[in-house]
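Novice: Submitted below is the structure of interest, expressed as structure tokens.
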Amino acid sequence: MNRINKKLQEKENILSIYFSAGYPSLNDTAGIIEQLERSGVDLIEIGLPFSDPLADGPTIQNSATEALKNGMSTQVLFIQLEAIRKNVQIPLIIMGYFNPIIQYGVEAFCQKCAEVGIDGLIIPDLPLEVYVAEYKSLFEKYGLINVLLITPQTSDERIQLIDSVSDGFIYTVSSASVTGNSTGFGSKQEDYFKRIQNLNLKSPQLIGFGIHDKVTFNTASTFAKGGIIGSAFIKHLSDNGINEIDQFVKSIRQ
């Protein structure tokens with residue numbers, strides 16, 4: 001069984017952390033992953049930096065820009081992850097845009113993911129219909145889960161279609177804005193979360209965008225299987241480096 005599905009079956013209140021590979025420093029990637037697991041994180045999303053992001057707020061954009069300046073690339077990331085499964089057991093997902101994957105070669109990319117122990121991919125700009133028609137069988141060949149996204153603007157019919165082709169969790173984007181919103185969840189978001197609950201989807205959901213502290217994480221865990229934190233963690237890395245990751249995770253969990 002894929003590690004993502006095993007984790008989804010075993011646990012509630014799943015905490016997933018996103019960070020940009022190669023930030024703050026090029027060779028921090030593996031160390032951050034190892035520290036996050038030791039700190040009690042359930043799932044890690046490794047951001048593959050791209051020069052033209054679509055949905056990323058300024059914090060993630062800036063970290064990706066710095067990572068690219070540091071020398072991060074698809075090939076460098078795979079080199080950094082070659083030995084990661086010697087020390088890390090929790091699910092690992094690469095999140096990035098489709099252009100670098102195409103440039104690397106989609107099958108070559110999937111094969112390399114399988115070799116280093118990646119469990120899934122999140123590719124926000126890969127259309128559902130293209131994925132199903134051209135790439136779903138390839139992902140399955142290499143044991144990779146493709147995590148699909150929904151937003152408040154996604155129709156119930158579309159959500160049910162996404163649910164029908166999902167084999168892991170659904171990434172529930174909390175709002176139509178970019179990442180990094182720190183105002184919390186209002187009634188509009190909670191109504192949206194309830195709408196998703198009422199659809200009785202087969203796939204569990206993790207909520208992302210706007211989760212930055214214990215309160216917003218607990219709210220996400222009330223309406224879904226757990227939550228995803230990105231910008232707040234990257235801000236923590238920017239302010240504190242990689243040596244106080246445990247304190248950040250404790251601030252969310254306690």
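By convention here, the chains of the structure tokens are called A, B, ... in the order presented, each chain's residues are numbered starting at 1, and ligands are numbered starting at 1 in the order presented.
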Could you give me the residues within range 36-220 of chain A that DSSP places in strand (DSSP E), as a compact mmCIF listing (two decimals) with N, CA and C atoms, in the first residue's frame?
Specialist:
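Wrote it out as selection_20.txt, contents follow:
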# COMPACT_ATOMS: atom_id res chain seq x y z
N LEU A 43 3.15 14.12 7.02
CA LEU A 43 3.32 14.08 5.58
C LEU A 43 4.10 15.32 5.17
N ILE A 44 4.94 15.21 4.16
CA ILE A 44 5.76 16.35 3.72
C ILE A 44 5.56 16.57 2.23
N GLU A 45 5.35 17.83 1.87
CA GLU A 45 5.26 18.24 0.47
C GLU A 45 6.53 19.02 0.13
N ILE A 46 7.31 18.47 -0.77
CA ILE A 46 8.58 19.07 -1.17
C ILE A 46 8.32 19.91 -2.41
N GLY A 47 8.46 21.21 -2.29
CA GLY A 47 8.21 22.09 -3.41
C GLY A 47 9.36 22.08 -4.41
N LEU A 92 6.11 11.16 1.35
CA LEU A 92 6.74 12.32 0.73
C LEU A 92 6.08 12.59 -0.61
N ILE A 93 5.73 13.84 -0.84
CA ILE A 93 5.08 14.27 -2.08
C ILE A 93 5.91 15.39 -2.69
N ILE A 94 6.11 15.34 -3.98
CA ILE A 94 6.71 16.48 -4.68
C ILE A 94 5.57 17.33 -5.24
N MET A 95 5.61 18.62 -4.93
CA MET A 95 4.61 19.56 -5.44
C MET A 95 5.30 20.55 -6.36
N GLY A 120 3.87 10.51 -4.04
CA GLY A 120 2.84 11.17 -4.82
C GLY A 120 3.31 12.50 -5.37
N LEU A 121 2.48 13.07 -6.23
CA LEU A 121 2.76 14.36 -6.85
C LEU A 121 1.55 15.26 -6.72
N ILE A 122 1.79 16.55 -6.58
CA ILE A 122 0.75 17.58 -6.67
C ILE A 122 1.19 18.52 -7.79
N ILE A 145 0.73 8.51 -6.44
CA ILE A 145 -0.59 9.09 -6.31
C ILE A 145 -0.55 10.52 -6.83
N ASN A 146 -1.52 10.87 -7.67
CA ASN A 146 -1.66 12.26 -8.13
C ASN A 146 -2.71 12.93 -7.28
N VAL A 147 -2.30 13.91 -6.50
CA VAL A 147 -3.21 14.62 -5.60
C VAL A 147 -3.85 15.76 -6.39
N LEU A 149 -6.66 18.99 -6.88
CA LEU A 149 -7.09 20.13 -6.08
C LEU A 149 -8.51 20.54 -6.42
N ILE A 150 -9.22 21.03 -5.40
CA ILE A 150 -10.52 21.68 -5.59
C ILE A 150 -10.50 23.03 -4.90
N ILE A 170 -7.78 14.46 -1.52
CA ILE A 170 -8.07 15.64 -2.33
C ILE A 170 -7.55 16.86 -1.58
N TYR A 171 -6.82 17.72 -2.28
CA TYR A 171 -6.28 18.95 -1.71
C TYR A 171 -7.38 20.00 -1.81
N THR A 172 -7.96 20.36 -0.66
CA THR A 172 -9.05 21.32 -0.62
C THR A 172 -8.48 22.72 -0.39
N VAL A 173 -8.43 23.51 -1.44
CA VAL A 173 -7.94 24.88 -1.36
C VAL A 173 -9.01 25.72 -0.67
N GLN A 205 -9.97 14.44 2.56
CA GLN A 205 -9.47 15.74 2.12
C GLN A 205 -8.49 16.30 3.16
N LEU A 206 -7.50 17.03 2.66
CA LEU A 206 -6.64 17.87 3.49
C LEU A 206 -6.84 19.29 3.02
N ILE A 207 -7.00 20.22 3.96
CA ILE A 207 -7.26 21.62 3.63
C ILE A 207 -5.96 22.39 3.63
N GLY A 208 -5.77 23.20 2.60
CA GLY A 208 -4.59 24.04 2.49
C GLY A 208 -4.95 25.47 2.14
Novice: Just asking: which residues within range 88-252 of chain A are alpha helix (DSSP H) according to DSSP, as JSON, numbers by chain?
Specialist: {"A": [98, 99, 100, 101, 102, 103, 104, 106, 107, 108, 109, 110, 111, 112, 113, 114, 115, 116, 128, 129, 130, 136, 137, 138, 139, 140, 141, 156, 157, 158, 159, 160, 161, 162, 163, 164, 165, 187, 188, 189, 190, 191, 192, 193, 194, 195, 196, 197, 198, 214, 215, 216, 217, 218, 219, 220, 221, 222, 223, 231, 232, 233, 234, 235, 236, 237, 238, 239, 240, 245, 246, 247, 248, 249, 250, 251, 252]}
Novice: Near Met72 in chain A, within 10 Å and counting only C-alpha atoms, which residues show up once chain neighbours fewer than 5 positions away are dropped, as a list in words?
Specialist: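 So, after excluding close chain neighbours, the residues are Ser20, Ala21, Gly22, Tyr23, Ser25, Leu26, Asn27, Leu48, Pro49, Phe50, Ala64, Thr65, Glu66, Ala67 and Leu77 of chain A.
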Novice: Excluding Arg253 in chain A and its own-chain neighbours fewer than 4 positions away, which residues fall within 10 Å of it when counting only C-alpha atoms? Please give them as a PyMOL selection string.
Specialist: chain A and resi 13+15+39-41+213-215+217-218+247-249
Novice: Residues of the last selection are to be written out with N, CA and C atoms, as a PDB file, in the first residue's frame.
Specialist:
ATOM      1  N   ASN A  13      -6.378  14.121  12.027  1.00  0.00           N
ATOM      2  CA  ASN A  13      -5.634  15.357  12.291  1.00  0.00           C
ATOM      3  C   ASN A  13      -4.237  15.330  11.663  1.00  0.00           C
ATOM      4  N   LEU A  15      -1.093  16.399   9.817  1.00  0.00           N
ATOM      5  CA  LEU A  15      -0.373  17.650   9.583  1.00  0.00           C
ATOM      6  C   LEU A  15       0.623  17.436   8.452  1.00  0.00           C
ATOM      7  N   SER A  39       9.867  15.675  14.362  1.00  0.00           N
ATOM      8  CA  SER A  39       9.009  16.599  15.102  1.00  0.00           C
ATOM      9  C   SER A  39       7.553  16.158  15.140  1.00  0.00           C
ATOM     10  N   GLY A  40       7.210  15.101  14.418  1.00  0.00           N
ATOM     11  CA  GLY A  40       5.851  14.573  14.479  1.00  0.00           C
ATOM     12  C   GLY A  40       4.949  14.953  13.326  1.00  0.00           C
ATOM     13  N   VAL A  41       5.517  15.505  12.252  1.00  0.00           N
ATOM     14  CA  VAL A  41       4.728  15.792  11.059  1.00  0.00           C
ATOM     15  C   VAL A  41       4.335  14.470  10.401  1.00  0.00           C
ATOM     16  N   ASP A 213      -1.502  28.418  12.076  1.00  0.00           N
ATOM     17  CA  ASP A 213      -1.324  28.301  13.519  1.00  0.00           C
ATOM     18  C   ASP A 213      -2.212  27.176  14.043  1.00  0.00           C
ATOM     19  N   LYS A 214      -2.203  26.996  15.358  1.00  0.00           N
ATOM     20  CA  LYS A 214      -2.966  25.915  15.978  1.00  0.00           C
ATOM     21  C   LYS A 214      -4.463  26.054  15.715  1.00  0.00           C
ATOM     22  N   VAL A 215      -4.980  27.276  15.786  1.00  0.00           N
ATOM     23  CA  VAL A 215      -6.424  27.491  15.613  1.00  0.00           C
ATOM     24  C   VAL A 215      -6.876  27.103  14.214  1.00  0.00           C
ATOM     25  N   PHE A 217      -5.300  25.199  12.066  1.00  0.00           N
ATOM     26  CA  PHE A 217      -5.094  23.761  11.849  1.00  0.00           C
ATOM     27  C   PHE A 217      -6.218  22.954  12.488  1.00  0.00           C
ATOM     28  N   ASN A 218      -6.605  23.315  13.699  1.00  0.00           N
ATOM     29  CA  ASN A 218      -7.692  22.589  14.362  1.00  0.00           C
ATOM     30  C   ASN A 218      -9.008  22.745  13.610  1.00  0.00           C
ATOM     31  N   GLN A 247      10.094  23.434  17.373  1.00  0.00           N
ATOM     32  CA  GLN A 247       9.274  24.425  18.064  1.00  0.00           C
ATOM     33  C   GLN A 247       8.080  24.845  17.201  1.00  0.00           C
ATOM     34  N   PHE A 248       8.310  24.965  15.901  1.00  0.00           N
ATOM     35  CA  PHE A 248       7.202  25.330  15.017  1.00  0.00           C
ATOM     36  C   PHE A 248       6.123  24.257  15.035  1.00  0.00           C
ATOM     37  N   VAL A 249       6.527  23.013  14.890  1.00  0.00           N
ATOM     38  CA  VAL A 249       5.547  21.918  14.865  1.00  0.00           C
ATOM     39  C   VAL A 249       4.812  21.827  16.203  1.00  0.00           C
TER      40      VAL A 249
END
Novice: Between A:Asn99, A:Ser187, A:Thr29, A:Thr59, which residue has the minimum interatomic distance to Ala83 in chain A, considering only C-alpha atoms?
Specialist: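 Closest to Ala83 in chain A of all the choices is A:Thr29.
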Novice: May I have the residues within 9 Å of range 2-10 of chain A as a count of residues only, using only C-alpha atoms and disregarding those fewer than 6 positions away in the same chain?
Specialist: 17
Novice: Between A:Thr222, A:Cys110, A:Ile33, A:Gly96, which is the closest to Ser16 in chain A once you count only C-alpha atoms?
Specialist: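 For Ser16 in chain A, the nearest of the given residues is A:Ile33.
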Novice: When you draw a straight line from CA of Asp246 in chain A to CA of Gln80 in chain A, how long is it in Å?
Specialist: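 Pair CA of Asp246 in chain A / CA of Gln80 in chain A returns 21.8 Å.
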Novice: A:Leu81, A:Ile245, A:Ile17, A:Ala133: which is nearest Gly230 in chain A, counting only C-alpha atoms?
Specialist: A:Ile17
Novice: Work out how far CA of Pro58 in chain A is from CA of Thr216 in chain A, in Å to one decimal.
Specialist: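 Atom-to-atom, CA of Thr216 in chain A to CA of Pro58 in chain A, that is 20.1 Å.
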